[in-house]
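Just work-v3.pdb here, PDB, C-alpha atoms, pLDDT in the B column:
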```pdb
ATOM      1  CA  MET O 186      28.236  46.233  74.434  1.00 45.00           C
ATOM      2  CA  LYS O 187      25.254  44.013  75.189  1.00 46.00           C
ATOM      3  CA  ARG O 188      23.026  46.138  73.013  1.00 49.00           C
ATOM      4  CA  VAL O 189      25.385  45.799  70.120  1.00 46.00           C
ATOM      5  CA  SER O 190      25.702  42.098  70.690  1.00 46.00           C
ATOM      6  CA  LEU O 191      21.952  41.550  70.760  1.00 45.00           C
ATOM      7  CA  HIS O 192      21.494  43.733  67.707  1.00 48.00           C
ATOM      8  CA  CYS O 193      24.077  41.764  65.836  1.00 47.00           C
ATOM      9  CA  GLY O 194      22.437  38.533  66.944  1.00 50.00           C
ATOM     10  CA  ASP O 195      19.064  39.707  65.556  1.00 51.00           C
ATOM     11  CA  ILE O 196      20.620  40.537  62.205  1.00 50.00           C
ATOM     12  CA  SER O 197      22.243  37.103  62.046  1.00 56.00           C
ATOM     13  CA  SER O 198      18.921  35.366  62.751  1.00 59.00           C
ATOM     14  CA  ASN O 199      17.136  37.337  60.034  1.00 60.00           C
ATOM     15  CA  GLU O 200      19.859  36.503  57.577  1.00 60.00           C
ATOM     16  CA  TYR O 201      19.520  32.800  58.378  1.00 57.00           C
ATOM     17  CA  ALA O 202      15.738  33.025  57.974  1.00 59.00           C
ATOM     18  CA  SER O 203      16.084  34.779  54.611  1.00 63.00           C
ATOM     19  CA  ILE O 204      18.556  32.185  53.395  1.00 65.00           C
ATOM     20  CA  GLY O 205      16.217  29.390  54.505  1.00 67.00           C
ATOM     21  CA  ILE O 206      13.207  30.887  52.714  1.00 73.00           C
ATOM     22  CA  GLY O 207      15.281  31.490  49.579  1.00 71.00           C
ATOM     23  CA  SER O 208      16.522  27.905  49.605  1.00 75.00           C
ATOM     24  CA  LEU O 209      12.971  26.650  50.037  1.00 75.00           C
ATOM     25  CA  ILE O 210      11.786  28.736  47.073  1.00 79.00           C
ATOM     26  CA  ILE O 211      14.664  27.421  44.929  1.00 81.00           C
ATOM     27  CA  PHE O 212      13.910  23.862  46.030  1.00 77.00           C
ATOM     28  CA  ILE O 213      10.208  24.225  45.153  1.00 82.00           C
ATOM     29  CA  ALA O 214      11.140  25.765  41.791  1.00 77.00           C
ATOM     30  CA  MET O 215      13.485  22.850  41.111  1.00 83.00           C
ATOM     31  CA  ILE O 216      10.702  20.364  41.917  1.00 84.00           C
ATOM     32  CA  ILE O 217       8.257  22.188  39.603  1.00 83.00           C
ATOM     33  CA  THR O 218      10.881  22.353  36.839  1.00 81.00           C
ATOM     34  CA  ALA O 219      11.679  18.660  37.259  1.00 78.00           C
ATOM     35  CA  GLY O 220       7.970  17.817  37.150  1.00 77.00           C
ATOM     36  CA  VAL O 221       7.424  19.825  33.971  1.00 80.00           C
ATOM     37  CA  THR O 222      10.525  18.293  32.384  1.00 81.00           C
ATOM     38  CA  ALA O 223       9.414  14.783  33.334  1.00 78.00           C
ATOM     39  CA  SER O 224       5.942  15.470  31.894  1.00 77.00           C
ATOM     40  CA  VAL O 225       7.478  16.650  28.604  1.00 78.00           C
ATOM     41  CA  ILE O 226       9.756  13.603  28.500  1.00 80.00           C
ATOM     42  CA  PHE O 227       6.853  11.223  29.166  1.00 73.00           C
ATOM     43  CA  GLN O 228       4.731  12.896  26.483  1.00 78.00           C
ATOM     44  CA  THR O 229       7.629  12.709  24.020  1.00 77.00           C
ATOM     45  CA  MET O 230       8.246   9.042  24.860  1.00 75.00           C
ATOM     46  CA  ASP O 231       4.544   8.261  24.435  1.00 70.00           C
ATOM     47  CA  SER O 232       4.463  10.043  21.080  1.00 72.00           C
ATOM     48  CA  MET O 233       7.591   8.195  19.935  1.00 73.00           C
ATOM     49  CA  GLN O 234       6.134   4.890  21.092  1.00 71.00           C
ATOM     50  CA  GLN O 235       2.919   5.490  19.159  1.00 72.00           C
ATOM     51  CA  GLN O 236       4.911   6.518  16.072  1.00 71.00           C
ATOM     52  CA  ALA O 237       7.093   3.420  16.363  1.00 63.00           C
ATOM     53  CA  LEU O 238       3.979   1.259  16.696  1.00 62.00           C
ATOM     54  CA  ARG O 239       2.415   2.810  13.592  1.00 63.00           C
ATOM     55  CA  THR O 240       5.667   2.392  11.678  1.00 59.00           C
ATOM     56  CA  SER O 241       5.999  -1.251  12.700  1.00 58.00           C
ATOM     57  CA  GLN O 242       2.377  -1.951  11.739  1.00 56.00           C
ATOM     58  CA  GLU O 243       2.895  -0.326   8.329  1.00 58.00           C
ATOM     59  CA  THR O 244       6.132  -2.277   7.848  1.00 57.00           C
ATOM     60  CA  ILE O 245       4.416  -5.551   8.722  1.00 59.00           C
ATOM     61  CA  LYS O 246       1.618  -4.722   6.288  1.00 54.00           C
ATOM     62  CA  ASP O 247       4.161  -3.861   3.578  1.00 52.00           C
ATOM     63  CA  ILE O 248       5.827  -7.260   3.807  1.00 63.00           C
ATOM     64  CA  SER O 249       2.750  -9.389   4.520  1.00 69.00           C
ATOM     65  CA  THR O 250       0.237  -7.867   2.083  1.00 85.00           C
ATOM     66  CA  GLY O 251       0.488  -8.319  -1.654  1.00 94.00           C
ATOM     67  CA  LEU O 252      -0.554  -9.840  -4.944  1.00 95.00           C
ATOM     68  CA  LYS O 253       0.728 -12.661  -7.123  1.00 95.00           C
ATOM     69  CA  ILE O 254       0.043 -13.789 -10.692  1.00 96.00           C
ATOM     70  CA  SER O 255      -0.775 -17.460 -11.115  1.00 95.00           C
ATOM     71  CA  HIS O 256      -1.291 -17.490 -14.881  1.00 95.00           C
ATOM     72  CA  ILE O 257      -1.183 -15.242 -17.978  1.00 97.00           C
ATOM     73  CA  SER O 258      -3.171 -15.777 -21.180  1.00 96.00           C
ATOM     74  CA  GLY O 259      -3.401 -13.895 -24.440  1.00 95.00           C
ATOM     75  CA  TYR O 260      -6.015 -13.571 -27.186  1.00 96.00           C
ATOM     76  CA  ILE O 261      -4.802 -13.631 -30.792  1.00 95.00           C
ATOM     77  CA  HIS O 262      -6.414 -11.688 -33.617  1.00 93.00           C
ATOM     78  CA  ASN O 263      -4.791 -10.982 -37.003  1.00 92.00           C
ATOM     79  CA  SER O 264      -1.471 -12.483 -35.843  1.00 92.00           C
ATOM     80  CA  SER O 265      -1.271 -10.174 -32.844  1.00 95.00           C
ATOM     81  CA  ILE O 266      -2.101 -10.376 -29.145  1.00 96.00           C
ATOM     82  CA  THR O 267      -4.999  -7.970 -28.748  1.00 96.00           C
ATOM     83  CA  LYS O 268      -5.968  -8.853 -25.161  1.00 96.00           C
ATOM     84  CA  LEU O 269      -4.071 -10.022 -22.083  1.00 96.00           C
ATOM     85  CA  VAL O 270      -5.495 -11.614 -18.971  1.00 96.00           C
ATOM     86  CA  PHE O 271      -3.616 -11.894 -15.669  1.00 97.00           C
ATOM     87  CA  PHE O 272      -4.971 -14.345 -13.094  1.00 97.00           C
ATOM     88  CA  VAL O 273      -4.407 -12.565  -9.784  1.00 97.00           C
ATOM     89  CA  GLU O 274      -4.763 -13.558  -6.132  1.00 96.00           C
ATOM     90  CA  THR O 275      -3.397 -12.420  -2.791  1.00 95.00           C
ATOM     91  CA  ILE O 276      -0.196 -13.877  -1.364  1.00 93.00           C
ATOM     92  CA  ALA O 277      -0.366 -16.260   1.609  1.00 90.00           C
ATOM     93  CA  GLY O 278      -1.360 -14.496   4.830  1.00 86.00           C
ATOM     94  CA  SER O 279      -2.121 -11.235   3.046  1.00 90.00           C
ATOM     95  CA  ASP O 280      -4.657  -8.676   4.160  1.00 91.00           C
ATOM     96  CA  ALA O 281      -7.432  -7.819   1.716  1.00 93.00           C
ATOM     97  CA  VAL O 282      -6.375  -5.845  -1.368  1.00 95.00           C
ATOM     98  CA  ASP O 283      -8.518  -3.174  -3.007  1.00 96.00           C
ATOM     99  CA  LEU O 284      -8.146  -3.447  -6.781  1.00 96.00           C
ATOM    100  CA  ALA O 285      -9.669   0.023  -7.196  1.00 96.00           C
ATOM    101  CA  GLU O 286      -6.455   1.343  -5.620  1.00 96.00           C
ATOM    102  CA  THR O 287      -4.230  -1.004  -7.640  1.00 97.00           C
ATOM    103  CA  THR O 288      -2.154   0.083 -10.625  1.00 97.00           C
ATOM    104  CA  VAL O 289      -0.966  -2.007 -13.564  1.00 97.00           C
ATOM    105  CA  GLN O 290       2.285  -1.030 -15.242  1.00 97.00           C
ATOM    106  CA  LEU O 291       2.837  -2.778 -18.579  1.00 97.00           C
ATOM    107  CA  SER O 292       5.554  -2.435 -21.215  1.00 97.00           C
ATOM    108  CA  ASP O 293       6.186  -4.012 -24.624  1.00 94.00           C
ATOM    109  CA  SER O 294       9.851  -2.860 -24.503  1.00 91.00           C
ATOM    110  CA  GLU O 295       8.988   0.322 -26.413  1.00 93.00           C
ATOM    111  CA  THR O 296       5.930   1.800 -24.715  1.00 95.00           C
ATOM    112  CA  VAL O 297       4.930   1.853 -21.048  1.00 95.00           C
ATOM    113  CA  SER O 298       1.238   1.979 -20.120  1.00 96.00           C
ATOM    114  CA  ILE O 299      -0.062   2.824 -16.642  1.00 97.00           C
ATOM    115  CA  LEU O 300      -3.523   1.350 -16.122  1.00 97.00           C
ATOM    116  CA  HIS O 301      -6.190   1.868 -13.472  1.00 97.00           C
ATOM    117  CA  TYR O 302      -9.373   0.039 -12.567  1.00 96.00           C
ATOM    118  CA  ASP O 303     -12.462   0.735 -14.710  1.00 95.00           C
ATOM    119  CA  ASN O 304     -15.640  -0.140 -12.810  1.00 94.00           C
ATOM    120  CA  THR O 305     -17.828   0.131 -15.930  1.00 93.00           C
ATOM    121  CA  THR O 306     -16.248  -3.014 -17.417  1.00 93.00           C
ATOM    122  CA  PHE O 307     -16.393  -5.143 -14.260  1.00 95.00           C
ATOM    123  CA  SER O 308     -17.778  -8.683 -14.627  1.00 93.00           C
ATOM    124  CA  SER O 309     -18.892 -10.813 -11.689  1.00 92.00           C
ATOM    125  CA  SER O 310     -18.475 -13.999 -13.752  1.00 90.00           C
ATOM    126  CA  VAL O 311     -16.898 -15.445 -16.897  1.00 89.00           C
ATOM    127  CA  THR O 312     -20.019 -17.173 -18.221  1.00 86.00           C
ATOM    128  CA  ASN O 313     -19.279 -15.974 -21.761  1.00 86.00           C
ATOM    129  CA  GLY O 314     -15.695 -17.127 -21.658  1.00 85.00           C
ATOM    130  CA  LEU O 315     -12.553 -15.452 -20.427  1.00 85.00           C
ATOM    131  CA  PHE O 316     -12.296 -13.015 -23.340  1.00 90.00           C
ATOM    132  CA  GLY O 317     -16.022 -12.740 -24.110  1.00 87.00           C
ATOM    133  CA  SER O 318     -17.463 -11.666 -20.758  1.00 88.00           C
ATOM    134  CA  VAL O 319     -16.294  -8.072 -21.124  1.00 87.00           C
ATOM    135  CA  ASN O 320     -16.375  -5.789 -24.151  1.00 88.00           C
ATOM    136  CA  SER O 321     -12.670  -4.990 -24.197  1.00 87.00           C
ATOM    137  CA  SER O 322     -13.145  -2.308 -26.854  1.00 87.00           C
ATOM    138  CA  ASN O 323     -14.424  -0.124 -24.003  1.00 91.00           C
ATOM    139  CA  LEU O 324     -10.987  -0.303 -22.381  1.00 93.00           C
ATOM    140  CA  SER O 325      -8.541   2.454 -23.261  1.00 94.00           C
ATOM    141  CA  ASN O 326      -4.769   2.573 -22.781  1.00 94.00           C
ATOM    142  CA  ILE O 327      -5.269   3.720 -19.182  1.00 96.00           C
ATOM    143  CA  ASP O 328      -7.885   1.175 -18.022  1.00 95.00           C
ATOM    144  CA  PHE O 329      -8.050  -2.433 -16.929  1.00 97.00           C
ATOM    145  CA  SER O 330     -11.081  -4.590 -16.237  1.00 96.00           C
ATOM    146  CA  VAL O 331     -11.707  -7.096 -13.443  1.00 96.00           C
ATOM    147  CA  LEU O 332     -13.475 -10.436 -13.993  1.00 96.00           C
ATOM    148  CA  VAL O 333     -14.349 -12.492 -10.913  1.00 96.00           C
ATOM    149  CA  ILE O 334     -13.418 -16.160 -11.170  1.00 95.00           C
ATOM    150  CA  ARG O 335     -13.684 -17.183  -7.521  1.00 95.00           C
ATOM    151  CA  ASP O 336     -15.069 -15.072  -4.685  1.00 95.00           C
ATOM    152  CA  ILE O 337     -16.215 -17.185  -1.741  1.00 90.00           C
ATOM    153  CA  ASP O 338     -17.278 -14.308   0.514  1.00 92.00           C
ATOM    154  CA  SER O 339     -18.645 -12.071  -2.288  1.00 92.00           C
ATOM    155  CA  SER O 340     -16.236  -9.310  -1.314  1.00 92.00           C
ATOM    156  CA  CYS O 341     -15.405  -8.311  -4.892  1.00 95.00           C
ATOM    157  CA  THR O 342     -17.997  -6.039  -6.490  1.00 95.00           C
ATOM    158  CA  SER O 343     -17.861  -3.368  -9.186  1.00 95.00           C
ATOM    159  CA  SER O 344     -18.015  -0.542  -6.641  1.00 95.00           C
ATOM    160  CA  ASN O 345     -15.766  -2.285  -4.123  1.00 95.00           C
ATOM    161  CA  PRO O 346     -13.400  -4.705  -5.911  1.00 96.00           C
ATOM    162  CA  VAL O 347     -11.675  -6.115  -2.836  1.00 96.00           C
ATOM    163  CA  ILE O 348     -10.040  -9.553  -2.906  1.00 96.00           C
ATOM    164  CA  ASN O 349      -8.812 -11.588   0.028  1.00 93.00           C
ATOM    165  CA  LYS O 350      -7.859 -15.161   0.919  1.00 91.00           C
ATOM    166  CA  ASN O 351      -8.901 -17.795  -1.675  1.00 92.00           C
ATOM    167  CA  ASP O 352     -10.268 -15.193  -4.104  1.00 95.00           C
ATOM    168  CA  LEU O 353      -9.172 -15.333  -7.742  1.00 96.00           C
ATOM    169  CA  VAL O 354      -9.795 -12.643 -10.355  1.00 97.00           C
ATOM    170  CA  ALA O 355      -8.715 -11.977 -13.915  1.00 96.00           C
ATOM    171  CA  ILE O 356      -7.343  -8.559 -14.834  1.00 97.00           C
ATOM    172  CA  LEU O 357      -8.057  -7.861 -18.503  1.00 96.00           C
ATOM    173  CA  VAL O 358      -6.004  -5.427 -20.587  1.00 97.00           C
ATOM    174  CA  ASN O 359      -6.732  -4.230 -24.111  1.00 96.00           C
ATOM    175  CA  THR O 360      -3.262  -4.436 -25.692  1.00 96.00           C
ATOM    176  CA  THR O 361      -4.566  -2.984 -28.959  1.00 95.00           C
ATOM    177  CA  SER O 362      -5.275   0.266 -27.110  1.00 95.00           C
ATOM    178  CA  CYS O 363      -1.991   0.132 -25.223  1.00 96.00           C
ATOM    179  CA  PHE O 364       0.466  -0.986 -27.925  1.00 95.00           C
ATOM    180  CA  SER O 365      -1.542  -1.540 -31.134  1.00 94.00           C
ATOM    181  CA  GLY O 366      -1.274  -5.226 -30.284  1.00 94.00           C
ATOM    182  CA  ILE O 367       1.731  -7.372 -29.340  1.00 95.00           C
ATOM    183  CA  SER O 368       3.443  -9.326 -32.095  1.00 95.00           C
ATOM    184  CA  ASN O 369       5.811 -12.329 -32.098  1.00 94.00           C
ATOM    185  CA  SER O 370       9.001 -12.557 -30.052  1.00 94.00           C
ATOM    186  CA  ILE O 371       8.287  -9.456 -27.962  1.00 95.00           C
ATOM    187  CA  SER O 372       9.485  -9.138 -24.381  1.00 96.00           C
ATOM    188  CA  VAL O 373       6.685  -7.924 -22.117  1.00 96.00           C
ATOM    189  CA  SER O 374       7.283  -6.750 -18.562  1.00 96.00           C
ATOM    190  CA  GLY O 375       5.557  -4.855 -15.789  1.00 96.00           C
ATOM    191  CA  ARG O 376       3.988  -5.017 -12.358  1.00 97.00           C
ATOM    192  CA  ILE O 377       0.578  -5.141 -10.725  1.00 97.00           C
ATOM    193  CA  MET O 378       0.974  -2.815  -7.768  1.00 96.00           C
ATOM    194  CA  PRO O 379      -1.430  -2.716  -4.808  1.00 95.00           C
ATOM    195  CA  GLU O 380      -1.783   0.485  -2.814  1.00 92.00           C
ATOM    196  CA  GLN O 381       0.370  -1.070  -0.099  1.00 89.00           C
ATOM    197  CA  GLY O 382       2.402  -4.247  -0.079  1.00 91.00           C
ATOM    198  CA  ILE O 383       4.156  -6.551  -2.519  1.00 92.00           C
ATOM    199  CA  SER O 384       3.659  -6.119  -6.270  1.00 95.00           C
ATOM    200  CA  ALA O 385       3.063  -8.990  -8.665  1.00 95.00           C
ATOM    201  CA  THR O 386       5.745  -9.143 -11.359  1.00 96.00           C
ATOM    202  CA  ILE O 387       4.866  -9.484 -15.043  1.00 96.00           C
ATOM    203  CA  GLY O 388       7.451 -10.980 -17.344  1.00 95.00           C
ATOM    204  CA  PHE O 389       7.249 -13.118 -20.497  1.00 96.00           C
ATOM    205  CA  THR O 390       8.289 -13.257 -24.141  1.00 96.00           C
ATOM    206  CA  THR O 391       5.693 -13.938 -26.814  1.00 95.00           C
ATOM    207  CA  PRO O 392       6.274 -17.043 -28.955  1.00 95.00           C
ATOM    208  CA  SER O 393       7.848 -16.841 -32.413  1.00 93.00           C
ATOM    209  CA  SER O 394       4.547 -17.865 -34.003  1.00 92.00           C
ATOM    210  CA  PHE O 395       0.890 -17.956 -32.981  1.00 93.00           C
ATOM    211  CA  THR O 396      -0.912 -21.198 -33.760  1.00 91.00           C
ATOM    212  CA  THR O 397      -4.025 -20.908 -31.599  1.00 93.00           C
ATOM    213  CA  THR O 398      -6.546 -18.173 -30.766  1.00 94.00           C
ATOM    214  CA  ILE O 399      -5.782 -18.321 -27.030  1.00 94.00           C
ATOM    215  CA  ILE O 400      -2.244 -18.881 -25.812  1.00 94.00           C
ATOM    216  CA  ASP O 401      -0.676 -19.468 -22.409  1.00 94.00           C
ATOM    217  CA  LEU O 402       2.142 -17.028 -21.795  1.00 94.00           C
ATOM    218  CA  ARG O 403       3.090 -17.984 -18.261  1.00 82.00           C
TER     219      ARG O 403
END
```

Represent the structure from my file as structure tokens, please.
Amino acid sequence: MKRVSLHCGDISSNEYASIGIGSLIIFIAMIITAGVTASVIFQTMDSMQQQALRTSQETIKDISTGLKISHISGYIHNSSITKLVFFVETIAGSDAVDLAETTVQLSDSETVSILHYDNTTFSSSVTNGLFGSVNSSNLSNIDFSVLVIRDIDSSCTSSNPVINKNDLVAILVNTTSCFSGISNSISVSGRIMPEQGISATIGFTTPSSFTTTIIDLR
């Protein structure tokens, strides 16, 4: 009976040892799994945080960057507006705006023209007058020209037409190319759209008669 008892006792001890080792292995596996899971969670949280930061920065730029139109003038020839000039500057607190990446959308209520910057007609000054500094006949129905009126930091050049705080430029459009001219009592609308940020809205109606060569439209 003693031999049986001792033998049974040895089996019981081995079983306890096996259970203890198995529990230890499971515990270690649980720790490793928890560590891997925590690492994945932290990486995911970091990625989400970076994405949220980028999104917030883009959102801030969207609402704080933009253009505005301070004045619109037109040039009259043969009882029709053949050229339009938009005086453009950045809104208050705006980041710099690259006019090479800016699009002008213009409509005379019948035709819509989409215009892009033409660096070959850029003018760094208006020494020959607002409508005489650039040969507008070189502008097609898909181009606009930039004339620099005020550029304190010399940031606006033909190859890099960037405007920022206190800069003022004139965007020139050949309306003869776009619409065969704009006649009396025509509603004109559109937008000047930077690559990112707030667009400048275009909206005016031409007068019922033209009495001068250059007219103020807004």

**OP:** Please identify all polymer residues within 12 Å of Met378 in chain O, counting all atoms listed in the file, omitting same-chain residues fewer than 5 positions from it, and present them as an MDAnalysis selection string.
**Re:** chainID O and resid 247 250:254 273 275 282:291 299:302 383:387

Tyr260 in chain O environment, 10 Å, only C-alpha atoms, sequence neighbours closer than 2 positions dropped, as a ChimeraX atom specification: /O:258,262,264-270,315-316,359-360,397-401

A straight line from CA of Ile211 in chain O to CA of Phe227 in chain O spans 23.9 Å

Go through O:Ile367, O:Val333, O:Met230, O:Ala355 and flag the residue nearest Ser255 in chain O, using all atoms listed in the file for the distances.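 Ranked by minimum distance to Ser255 in chain O, first place goes to O:Ala355.
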
Mind working out the centre and edge lengths of an axis-aligned box for range 209-220 of chain O, all listed atoms inside, 4 Å added to each side, rounded to one decimal in Å and written as JSON?
```
{"center_x": 11.3, "center_y": 23.3, "center_z": 43.4, "size_x": 14.7, "size_y": 18.9, "size_z": 21.2}
```

Discussion item. Using all atoms listed in the file, which protein or nucleic acid residues come within 9 Å of range 339-351 of chain O? Drop anything in the same chain fewer than 5 positions from it, and give the result as a list in words.
Written reply: Glu274, Thr275, Ile276, Ala277, Gly278, Ser279, Asp280, Ala281, Val282, Asp283, Leu284, Ala285, Asp303, Asn304, Thr305, Thr306, Phe307, Ser308, Ser309, Val331 and Val333 of chain O

Please produce a file of those selected residues containing C-alpha atoms, as a PDB file, keeping the file's coordinate frame.
```pdb
ATOM      1  CA  GLU O 274      -4.763 -13.558  -6.132  1.00 96.00           C
ATOM      2  CA  THR O 275      -3.397 -12.420  -2.791  1.00 95.00           C
ATOM      3  CA  ILE O 276      -0.196 -13.877  -1.364  1.00 93.00           C
ATOM      4  CA  ALA O 277      -0.366 -16.260   1.609  1.00 90.00           C
ATOM      5  CA  GLY O 278      -1.360 -14.496   4.830  1.00 86.00           C
ATOM      6  CA  SER O 279      -2.121 -11.235   3.046  1.00 90.00           C
ATOM      7  CA  ASP O 280      -4.657  -8.676   4.160  1.00 91.00           C
ATOM      8  CA  ALA O 281      -7.432  -7.819   1.716  1.00 93.00           C
ATOM      9  CA  VAL O 282      -6.375  -5.845  -1.368  1.00 95.00           C
ATOM     10  CA  ASP O 283      -8.518  -3.174  -3.007  1.00 96.00           C
ATOM     11  CA  LEU O 284      -8.146  -3.447  -6.781  1.00 96.00           C
ATOM     12  CA  ALA O 285      -9.669   0.023  -7.196  1.00 96.00           C
ATOM     13  CA  ASP O 303     -12.462   0.735 -14.710  1.00 95.00           C
ATOM     14  CA  ASN O 304     -15.640  -0.140 -12.810  1.00 94.00           C
ATOM     15  CA  THR O 305     -17.828   0.131 -15.930  1.00 93.00           C
ATOM     16  CA  THR O 306     -16.248  -3.014 -17.417  1.00 93.00           C
ATOM     17  CA  PHE O 307     -16.393  -5.143 -14.260  1.00 95.00           C
ATOM     18  CA  SER O 308     -17.778  -8.683 -14.627  1.00 93.00           C
ATOM     19  CA  SER O 309     -18.892 -10.813 -11.689  1.00 92.00           C
ATOM     20  CA  VAL O 331     -11.707  -7.096 -13.443  1.00 96.00           C
ATOM     21  CA  VAL O 333     -14.349 -12.492 -10.913  1.00 96.00           C
TER      22      VAL O 333
END
```

Taken to one decimal, the CA of Leu402 in chain O-CA of Thr390 in chain O distance is 7.6 Å

> Closest to Asp328 in chain O among O:Ala219, O:Cys363, O:Ile257, O:Ile226, using all atoms listed in the file?
Replying inline: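 Looking only at the distances to Asp328 in chain O, the closest residue turns out to be O:Cys363.
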
- Message: At a cut-off of 10 Å around the point (4.7, -8.0, -27.4) (file coordinates), what residues fall inside when counting all atoms listed in the file? I'd like the answer as a PyMOL selection string.
- Response: chain O and resi 265-267+292-295+360+364-374+389-392

Just-selected residues, C-alpha atoms written as a PDB file, keeping the file's coordinate frame:
```
ATOM      1  CA  SER O 265      -1.271 -10.174 -32.844  1.00 95.00           C
ATOM      2  CA  ILE O 266      -2.101 -10.376 -29.145  1.00 96.00           C
ATOM      3  CA  THR O 267      -4.999  -7.970 -28.748  1.00 96.00           C
ATOM      4  CA  SER O 292       5.554  -2.435 -21.215  1.00 97.00           C
ATOM      5  CA  ASP O 293       6.186  -4.012 -24.624  1.00 94.00           C
ATOM      6  CA  SER O 294       9.851  -2.860 -24.503  1.00 91.00           C
ATOM      7  CA  GLU O 295       8.988   0.322 -26.413  1.00 93.00           C
ATOM      8  CA  THR O 360      -3.262  -4.436 -25.692  1.00 96.00           C
ATOM      9  CA  PHE O 364       0.466  -0.986 -27.925  1.00 95.00           C
ATOM     10  CA  SER O 365      -1.542  -1.540 -31.134  1.00 94.00           C
ATOM     11  CA  GLY O 366      -1.274  -5.226 -30.284  1.00 94.00           C
ATOM     12  CA  ILE O 367       1.731  -7.372 -29.340  1.00 95.00           C
ATOM     13  CA  SER O 368       3.443  -9.326 -32.095  1.00 95.00           C
ATOM     14  CA  ASN O 369       5.811 -12.329 -32.098  1.00 94.00           C
ATOM     15  CA  SER O 370       9.001 -12.557 -30.052  1.00 94.00           C
ATOM     16  CA  ILE O 371       8.287  -9.456 -27.962  1.00 95.00           C
ATOM     17  CA  SER O 372       9.485  -9.138 -24.381  1.00 96.00           C
ATOM     18  CA  VAL O 373       6.685  -7.924 -22.117  1.00 96.00           C
ATOM     19  CA  SER O 374       7.283  -6.750 -18.562  1.00 96.00           C
ATOM     20  CA  PHE O 389       7.249 -13.118 -20.497  1.00 96.00           C
ATOM     21  CA  THR O 390       8.289 -13.257 -24.141  1.00 96.00           C
ATOM     22  CA  THR O 391       5.693 -13.938 -26.814  1.00 95.00           C
ATOM     23  CA  PRO O 392       6.274 -17.043 -28.955  1.00 95.00           C
TER      24      PRO O 392
END
```

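The space between CA of Gly375 in chain O and CA of Thr296 in chain O spans 11.1 Å.
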
From the list O:Ser298, O:Gln234, O:Thr218, O:Ser321, the nearest residue to Arg376 in chain O using all atoms listed in the file is O:Ser298

Quiz prompt | Given only C-alpha atoms as the counted atoms, nearest of O:Leu324, O:Leu353, O:Ile206, O:Val311 to Asp336 in chain O | solution =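 The answer is O:Leu353, which sits nearest to Asp336 in chain O.
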